[in-house]
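S.K.: Let me begin by handing over the structure; questions about it come next.
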There are 2 protein chains.
Amino acid sequence: MDNEKIIREFIQAWSRLDAEELSTYFAEEGVYHNMPTAAVAGRENVKQMIAGFIAAWTETEWEILHLISAGDVVIAERLDRTRAGDKSVDLPCTGVFEMENGKIKVWRDYFDLGTYAKGMS
Amino acid sequence: MDNEKIIREFIQAWSRLDAEELSTYFAEEGVYHNMPTAAVAGRENVKQMIAGFIAAWTETEWEILHLISAGDVVIAERLDRTRAGDKSVDLPCTGVFEMENGKIKVWRDYFDLGTYAKGMS
């Protein structure tokens with residue numbers, strides 16, 4: 001259950017829009033893979049990546065629809081509600097988290113990039 | 001575990017490209033929602049929808065990466081390998097299945113439509 005708790009905290013933490021804090025949830029060699037784009041490996045690179053794409057965000061709240069786990073795998077179905085000034089998108093996502101010692105080893109996030117781009121353009 | 005078994009069978013059944021058979025896994029009022037597009041409700045409508053988009057497919061095999069469940073919810077992370085003549089796509093997907101009496105009540109499937117379109121064009 002610890003892994004579930006950690007991922008619930010991580011998902012809530014996004015609302016603070018703090019790339020530094022978010023990167024601490026990843027293992028040193030952790031991977032963040034938004035499936036429509038390339039994977040990024042290493043906590044420092046993950047931090048830079050997050051900082052880059054949240055730069056324009058003014059508000060985000062990630063609603064959990066289902067969160068279940070088995071062993072070191074946690075899967076969270078979400079609706080990520082994000083604002084960037086006068087633009088906004090409610091993005092349906094599902095994240096698969098492979099955990100190791102309480103940190104994110106690999107996060108694969110499944111969503112439609114076109115839905116995000118349309119809301120933000 | 002029955003729900004997990006049913007979804008494993010359903011995922012394997014896709015290789016037979018038989019919309020009639022696939023639709024039998026849905027409840028009478030079952031919903032199939034490819035998240036990048038509109039939801040379709042009702043077994044007969046689901047059958048027509050599946051028949052439509054597999055019409056050009058010559059081969060498909062859905063590999064399960066993770067499949068876990070809790071109560072009536074099954075989530076399956078997959079890599080759907082599909083051929084349509086000389087075109088092909090390996091599509092990363094995650095499906096959330098809400099089950100009822102051994103049938104699919106709602107299936108929400110998360111993937112990037114652009115990845116599919118690019119492979120099939």
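Labels for the structure tokens follow display order: chains A, B, ..., residues from 1 in each chain, ligands from 1.
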What are the DSSP helix (DSSP H, G or I) residues of chain B, as a count of residues only?
M.R.: 40
S.K.: If you count only C-alpha atoms, which residues fall within 9 Å of Asn34 in chain B, apart from same-chain ones fewer than 5 positions away, as a list of chain:residue names?
M.R.: B:Ala39, B:Val40, B:Trp107, B:Arg108, B:Asp109, B:Tyr110, B:Phe111
S.K.: Restricting the output to N, CA, C and O atoms, write the selected residues as a tab-separated table (two decimals), in the first residue's frame.
M.R.:
chain	number	residue	atom	x	y	z
B	39	ALA	N	-17.14	8.24	-27.32
B	39	ALA	CA	-17.55	6.95	-26.76
B	39	ALA	C	-18.69	6.37	-27.59
B	39	ALA	O	-19.51	7.11	-28.14
B	40	VAL	N	-18.75	5.03	-27.65
B	40	VAL	CA	-19.83	4.34	-28.34
B	40	VAL	C	-20.52	3.44	-27.32
B	40	VAL	O	-19.85	2.72	-26.57
B	107	TRP	N	-15.23	0.44	-21.17
B	107	TRP	CA	-13.80	0.31	-21.50
B	107	TRP	C	-13.32	1.66	-21.97
B	107	TRP	O	-13.79	2.18	-22.97
B	108	ARG	N	-12.39	2.22	-21.20
B	108	ARG	CA	-11.74	3.46	-21.62
B	108	ARG	C	-10.32	3.10	-22.05
B	108	ARG	O	-9.56	2.53	-21.25
B	109	ASP	N	-9.98	3.42	-23.30
B	109	ASP	CA	-8.67	3.05	-23.81
B	109	ASP	C	-7.85	4.31	-24.08
B	109	ASP	O	-8.30	5.22	-24.79
B	110	TYR	N	-6.66	4.36	-23.48
B	110	TYR	CA	-5.79	5.53	-23.53
B	110	TYR	C	-4.62	5.27	-24.47
B	110	TYR	O	-3.86	4.33	-24.27
B	111	PHE	N	-4.50	6.11	-25.48
B	111	PHE	CA	-3.38	6.00	-26.43
B	111	PHE	C	-3.30	7.30	-27.21
B	111	PHE	O	-4.18	8.16	-27.10
S.K.: From the options A:Trp14, A:Asp2, A:Ser121, A:Phe97, which residue's atoms come nearest to His66 in chain B, counting only C-alpha atoms?
M.R.: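 The answer is A:Phe97, which sits nearest to His66 in chain B.
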S.K.: What residues in chain A lie within 8 Å of chain B, counting only C-alpha atoms, written as an MDAnalysis selection string?
M.R.: chainID A and resid 35:36 68:70 75 77 92:94 96 110:115
S.K.: Where does DSSP see strand (DSSP E or B) in chain A, if you list the residues as an mmCIF file with N, CA, C and O atoms, in the first residue's frame?
M.R.:
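Output below, filename selection.cif:
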data_model
loop_
_atom_site.group_PDB
_atom_site.id
_atom_site.type_symbol
_atom_site.label_atom_id
_atom_site.label_comp_id
_atom_site.auth_asym_id
_atom_site.auth_seq_id
_atom_site.Cartn_x
_atom_site.Cartn_y
_atom_site.Cartn_z
ATOM 1 N N PHE A 26 11.418 10.579 -8.059
ATOM 2 C CA PHE A 26 12.055 9.647 -8.999
ATOM 3 C C PHE A 26 13.340 9.058 -8.409
ATOM 4 O O PHE A 26 14.058 9.736 -7.654
ATOM 5 N N ALA A 27 13.626 7.822 -8.773
ATOM 6 C CA ALA A 27 14.921 7.232 -8.458
ATOM 7 C C ALA A 27 16.004 8.015 -9.208
ATOM 8 O O ALA A 27 15.709 8.702 -10.196
ATOM 9 N N GLU A 28 17.217 7.921 -8.737
ATOM 10 C CA GLU A 28 18.355 8.620 -9.355
ATOM 11 C C GLU A 28 18.385 8.412 -10.878
ATOM 12 O O GLU A 28 18.613 9.355 -11.633
ATOM 13 N N GLU A 29 18.143 7.176 -11.291
ATOM 14 C CA GLU A 29 18.149 6.851 -12.725
ATOM 15 C C GLU A 29 16.731 6.736 -13.283
ATOM 16 O O GLU A 29 16.512 6.105 -14.326
ATOM 17 N N GLY A 30 15.769 7.312 -12.586
ATOM 18 C CA GLY A 30 14.357 7.188 -12.953
ATOM 19 C C GLY A 30 14.035 7.682 -14.354
ATOM 20 O O GLY A 30 14.694 8.589 -14.874
ATOM 21 N N VAL A 31 13.012 7.077 -14.922
ATOM 22 C CA VAL A 31 12.599 7.390 -16.305
ATOM 23 C C VAL A 31 11.171 7.931 -16.314
ATOM 24 O O VAL A 31 10.292 7.377 -15.652
ATOM 25 N N TYR A 32 10.972 9.006 -17.072
ATOM 26 C CA TYR A 32 9.632 9.583 -17.272
ATOM 27 C C TYR A 32 9.353 9.533 -18.760
ATOM 28 O O TYR A 32 10.027 10.205 -19.542
ATOM 29 N N HIS A 33 8.370 8.719 -19.124
ATOM 30 C CA HIS A 33 8.063 8.543 -20.537
ATOM 31 C C HIS A 33 6.621 8.937 -20.834
ATOM 32 O O HIS A 33 5.695 8.182 -20.533
ATOM 33 N N ASN A 34 6.438 10.126 -21.357
ATOM 34 C CA ASN A 34 5.153 10.487 -21.944
ATOM 35 C C ASN A 34 5.107 9.731 -23.266
ATOM 36 O O ASN A 34 5.868 10.029 -24.193
ATOM 37 N N ALA A 39 11.268 9.171 -24.143
ATOM 38 C CA ALA A 39 11.511 8.970 -22.718
ATOM 39 C C ALA A 39 12.676 9.838 -22.270
ATOM 40 O O ALA A 39 13.601 10.107 -23.040
ATOM 41 N N VAL A 40 12.621 10.276 -21.002
ATOM 42 C CA VAL A 40 13.710 11.045 -20.413
ATOM 43 C C VAL A 40 14.203 10.267 -19.191
ATOM 44 O O VAL A 40 13.404 9.816 -18.373
ATOM 45 N N ALA A 41 15.528 10.096 -19.073
ATOM 46 C CA ALA A 41 16.096 9.289 -17.991
ATOM 47 C C ALA A 41 17.010 10.110 -17.103
ATOM 48 O O ALA A 41 17.764 10.976 -17.584
ATOM 49 N N GLU A 59 -2.062 26.693 -13.360
ATOM 50 C CA GLU A 59 -2.830 25.923 -12.381
ATOM 51 C C GLU A 59 -3.012 24.502 -12.905
ATOM 52 O O GLU A 59 -3.297 24.321 -14.093
ATOM 53 N N THR A 60 -2.851 23.522 -12.030
ATOM 54 C CA THR A 60 -3.165 22.153 -12.464
ATOM 55 C C THR A 60 -3.687 21.356 -11.274
ATOM 56 O O THR A 60 -3.244 21.543 -10.136
ATOM 57 N N GLU A 61 -4.670 20.502 -11.567
ATOM 58 C CA GLU A 61 -5.214 19.627 -10.533
ATOM 59 C C GLU A 61 -5.495 18.289 -11.192
ATOM 60 O O GLU A 61 -6.215 18.225 -12.186
ATOM 61 N N TRP A 62 -4.929 17.240 -10.599
ATOM 62 C CA TRP A 62 -5.048 15.919 -11.204
ATOM 63 C C TRP A 62 -6.025 15.081 -10.388
ATOM 64 O O TRP A 62 -5.728 14.724 -9.241
ATOM 65 N N GLU A 63 -7.133 14.767 -11.013
ATOM 66 C CA GLU A 63 -8.156 13.970 -10.344
ATOM 67 C C GLU A 63 -7.897 12.484 -10.601
ATOM 68 O O GLU A 63 -7.683 12.083 -11.748
ATOM 69 N N ILE A 64 -7.920 11.699 -9.543
ATOM 70 C CA ILE A 64 -7.712 10.253 -9.688
ATOM 71 C C ILE A 64 -9.054 9.558 -9.884
ATOM 72 O O ILE A 64 -9.956 9.711 -9.062
ATOM 73 N N LEU A 65 -9.192 8.822 -10.991
ATOM 74 C CA LEU A 65 -10.425 8.068 -11.240
ATOM 75 C C LEU A 65 -10.306 6.660 -10.660
ATOM 76 O O LEU A 65 -11.203 6.169 -9.990
ATOM 77 N N HIS A 66 -9.188 6.011 -10.944
ATOM 78 C CA HIS A 66 -8.888 4.708 -10.333
ATOM 79 C C HIS A 66 -7.397 4.652 -10.063
ATOM 80 O O HIS A 66 -6.599 5.134 -10.875
ATOM 81 N N LEU A 67 -7.059 4.062 -8.936
ATOM 82 C CA LEU A 67 -5.641 3.845 -8.637
ATOM 83 C C LEU A 67 -5.516 2.461 -8.015
ATOM 84 O O LEU A 67 -6.100 2.203 -6.956
ATOM 85 N N ILE A 68 -4.822 1.567 -8.716
ATOM 86 C CA ILE A 68 -4.673 0.217 -8.183
ATOM 87 C C ILE A 68 -3.223 -0.230 -8.342
ATOM 88 O O ILE A 68 -2.459 0.355 -9.118
ATOM 89 N N SER A 69 -2.843 -1.241 -7.574
ATOM 90 C CA SER A 69 -1.451 -1.672 -7.618
ATOM 91 C C SER A 69 -1.344 -3.167 -7.427
ATOM 92 O O SER A 69 -2.268 -3.822 -6.939
ATOM 93 N N ALA A 70 -0.205 -3.688 -7.828
ATOM 94 C CA ALA A 70 0.150 -5.085 -7.586
ATOM 95 C C ALA A 70 1.668 -5.106 -7.496
ATOM 96 O O ALA A 70 2.347 -4.719 -8.456
ATOM 97 N N VAL A 73 4.104 -2.325 -9.035
ATOM 98 C CA VAL A 73 3.456 -1.567 -10.113
ATOM 99 C C VAL A 73 2.193 -0.868 -9.596
ATOM 100 O O VAL A 73 1.353 -1.496 -8.957
ATOM 101 N N VAL A 74 2.115 0.418 -9.858
ATOM 102 C CA VAL A 74 0.920 1.204 -9.526
ATOM 103 C C VAL A 74 0.386 1.780 -10.832
ATOM 104 O O VAL A 74 1.167 2.292 -11.647
ATOM 105 N N ILE A 75 -0.925 1.679 -11.036
ATOM 106 C CA ILE A 75 -1.517 2.283 -12.228
ATOM 107 C C ILE A 75 -2.598 3.256 -11.785
ATOM 108 O O ILE A 75 -3.443 2.926 -10.951
ATOM 109 N N ALA A 76 -2.533 4.469 -12.324
ATOM 110 C CA ALA A 76 -3.487 5.512 -11.951
ATOM 111 C C ALA A 76 -4.173 6.078 -13.182
ATOM 112 O O ALA A 76 -3.518 6.623 -14.070
ATOM 113 N N GLU A 77 -5.489 5.921 -13.213
ATOM 114 C CA GLU A 77 -6.291 6.568 -14.252
ATOM 115 C C GLU A 77 -6.688 7.945 -13.715
ATOM 116 O O GLU A 77 -7.177 8.064 -12.598
ATOM 117 N N ARG A 78 -6.452 8.979 -14.543
ATOM 118 C CA ARG A 78 -6.624 10.348 -14.050
ATOM 119 C C ARG A 78 -7.321 11.239 -15.083
ATOM 120 O O ARG A 78 -7.367 10.921 -16.272
ATOM 121 N N LEU A 79 -7.799 12.369 -14.548
ATOM 122 C CA LEU A 79 -8.200 13.463 -15.411
ATOM 123 C C LEU A 79 -7.384 14.668 -14.946
ATOM 124 O O LEU A 79 -7.588 15.165 -13.832
ATOM 125 N N ASP A 80 -6.446 15.089 -15.769
ATOM 126 C CA ASP A 80 -5.532 16.178 -15.400
ATOM 127 C C ASP A 80 -6.101 17.498 -15.922
ATOM 128 O O ASP A 80 -6.108 17.754 -17.131
ATOM 129 N N ARG A 81 -6.555 18.330 -14.994
ATOM 130 C CA ARG A 81 -7.163 19.618 -15.372
ATOM 131 C C ARG A 81 -6.105 20.703 -15.246
ATOM 132 O O ARG A 81 -5.626 20.977 -14.147
ATOM 133 N N THR A 82 -5.757 21.311 -16.370
ATOM 134 C CA THR A 82 -4.652 22.273 -16.393
ATOM 135 C C THR A 82 -5.064 23.578 -17.050
ATOM 136 O O THR A 82 -5.771 23.575 -18.053
ATOM 137 N N ARG A 83 -4.589 24.678 -16.455
ATOM 138 C CA ARG A 83 -4.778 26.002 -17.052
ATOM 139 C C ARG A 83 -3.428 26.607 -17.370
ATOM 140 O O ARG A 83 -2.467 26.431 -16.620
ATOM 141 N N ALA A 84 -3.375 27.312 -18.467
ATOM 142 C CA ALA A 84 -2.191 28.096 -18.826
ATOM 143 C C ALA A 84 -2.730 29.439 -19.277
ATOM 144 O O ALA A 84 -3.089 29.614 -20.437
ATOM 145 N N LYS A 87 -5.954 29.603 -21.456
ATOM 146 C CA LYS A 87 -6.139 28.311 -22.127
ATOM 147 C C LYS A 87 -6.267 27.211 -21.068
ATOM 148 O O LYS A 87 -5.722 27.336 -19.968
ATOM 149 N N SER A 88 -6.967 26.146 -21.430
ATOM 150 C CA SER A 88 -7.105 25.056 -20.469
ATOM 151 C C SER A 88 -7.392 23.751 -21.185
ATOM 152 O O SER A 88 -7.877 23.734 -22.324
ATOM 153 N N VAL A 89 -7.071 22.666 -20.493
ATOM 154 C CA VAL A 89 -7.362 21.348 -21.042
ATOM 155 C C VAL A 89 -7.644 20.375 -19.895
ATOM 156 O O VAL A 89 -6.991 20.436 -18.848
ATOM 157 N N ASP A 90 -8.653 19.544 -20.089
ATOM 158 C CA ASP A 90 -8.915 18.427 -19.180
ATOM 159 C C ASP A 90 -8.422 17.187 -19.916
ATOM 160 O O ASP A 90 -9.075 16.725 -20.853
ATOM 161 N N LEU A 91 -7.281 16.688 -19.500
ATOM 162 C CA LEU A 91 -6.619 15.635 -20.270
ATOM 163 C C LEU A 91 -6.809 14.260 -19.612
ATOM 164 O O LEU A 91 -6.326 14.033 -18.502
ATOM 165 N N PRO A 92 -7.487 13.341 -20.297
ATOM 166 C CA PRO A 92 -7.597 11.971 -19.784
ATOM 167 C C PRO A 92 -6.249 11.248 -19.940
ATOM 168 O O PRO A 92 -5.667 11.253 -21.026
ATOM 169 N N CYS A 93 -5.788 10.666 -18.840
ATOM 170 C CA CYS A 93 -4.459 10.022 -18.818
ATOM 171 C C CYS A 93 -4.527 8.726 -18.022
ATOM 172 O O CYS A 93 -5.347 8.595 -17.122
ATOM 173 N N THR A 94 -3.633 7.807 -18.316
ATOM 174 C CA THR A 94 -3.373 6.703 -17.397
ATOM 175 C C THR A 94 -1.870 6.546 -17.254
ATOM 176 O O THR A 94 -1.150 6.452 -18.250
ATOM 177 N N GLY A 95 -1.408 6.541 -16.022
ATOM 178 C CA GLY A 95 0.014 6.408 -15.732
ATOM 179 C C GLY A 95 0.341 5.049 -15.148
ATOM 180 O O GLY A 95 -0.362 4.586 -14.249
ATOM 181 N N VAL A 96 1.371 4.422 -15.670
ATOM 182 C CA VAL A 96 1.884 3.171 -15.123
ATOM 183 C C VAL A 96 3.213 3.480 -14.439
ATOM 184 O O VAL A 96 4.131 4.008 -15.087
ATOM 185 N N PHE A 97 3.287 3.184 -13.149
ATOM 186 C CA PHE A 97 4.473 3.500 -12.347
ATOM 187 C C PHE A 97 5.137 2.213 -11.881
ATOM 188 O O PHE A 97 4.520 1.419 -11.175
ATOM 189 N N GLU A 98 6.383 2.028 -12.281
ATOM 190 C CA GLU A 98 7.169 0.908 -11.740
ATOM 191 C C GLU A 98 8.025 1.479 -10.621
ATOM 192 O O GLU A 98 8.850 2.368 -10.854
ATOM 193 N N MET A 99 7.810 0.967 -9.412
ATOM 194 C CA MET A 99 8.444 1.521 -8.218
ATOM 195 C C MET A 99 9.646 0.671 -7.783
ATOM 196 O O MET A 99 9.720 -0.523 -8.068
ATOM 197 N N GLU A 100 10.552 1.333 -7.065
ATOM 198 C CA GLU A 100 11.702 0.628 -6.482
ATOM 199 C C GLU A 100 12.116 1.385 -5.222
ATOM 200 O O GLU A 100 12.462 2.576 -5.303
ATOM 201 N N LYS A 103 10.608 4.796 -4.726
ATOM 202 C CA LYS A 103 10.827 5.837 -5.746
ATOM 203 C C LYS A 103 10.316 5.342 -7.102
ATOM 204 O O LYS A 103 10.208 4.136 -7.346
ATOM 205 N N ILE A 104 10.065 6.302 -7.982
ATOM 206 C CA ILE A 104 9.609 5.959 -9.337
ATOM 207 C C ILE A 104 10.813 5.564 -10.188
ATOM 208 O O ILE A 104 11.713 6.361 -10.423
ATOM 209 N N LYS A 105 10.788 4.305 -10.609
ATOM 210 C CA LYS A 105 11.866 3.799 -11.473
ATOM 211 C C LYS A 105 11.523 4.104 -12.931
ATOM 212 O O LYS A 105 12.373 4.580 -13.692
ATOM 213 N N VAL A 106 10.274 3.832 -13.302
ATOM 214 C CA VAL A 106 9.794 4.146 -14.651
ATOM 215 C C VAL A 106 8.338 4.581 -14.565
ATOM 216 O O VAL A 106 7.529 3.930 -13.891
ATOM 217 N N TRP A 107 8.038 5.673 -15.226
ATOM 218 C CA TRP A 107 6.645 6.144 -15.342
ATOM 219 C C TRP A 107 6.323 6.251 -16.818
ATOM 220 O O TRP A 107 6.923 7.042 -17.538
ATOM 221 N N ARG A 108 5.371 5.437 -17.250
ATOM 222 C CA ARG A 108 4.874 5.546 -18.626
ATOM 223 C C ARG A 108 3.481 6.170 -18.563
ATOM 224 O O ARG A 108 2.597 5.627 -17.886
ATOM 225 N N ASP A 109 3.318 7.306 -19.226
ATOM 226 C CA ASP A 109 2.037 8.005 -19.166
ATOM 227 C C ASP A 109 1.367 7.971 -20.536
ATOM 228 O O ASP A 109 1.971 8.342 -21.549
ATOM 229 N N TYR A 110 0.119 7.480 -20.537
ATOM 230 C CA TYR A 110 -0.633 7.272 -21.780
ATOM 231 C C TYR A 110 -1.711 8.333 -21.914
ATOM 232 O O TYR A 110 -2.583 8.462 -21.044
#
S.K.: Could you tell me how far CA of Asn45 in chain B sits from CA of Gly102 in chain B, in Å to one decimal place?
M.R.: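 Computing it gives 19.6 Å between the two atoms.
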S.K.: Got a sec: who's within 9 Å of Asp18 in chain B, counting only C-alpha atoms, leaving out chain neighbours fewer than 6 positions off, as a ChimeraX atom specification?
M.R.: /B:50-51,54
S.K.: Closest to Gly119 in chain B among B:Gly42, B:Asp86, B:Asn101, B:Glu9, using only C-alpha atoms?
M.R.: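 Under the stated criterion, the closest residue is B:Asp86.
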S.K.: So how many Å separate CA of Thr24 in chain B and CA of Arg43 in chain B, to one decimal?
M.R.: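 Computing the Euclidean distance for CA of Thr24 in chain B and CA of Arg43 in chain B yields 7.5 Å.
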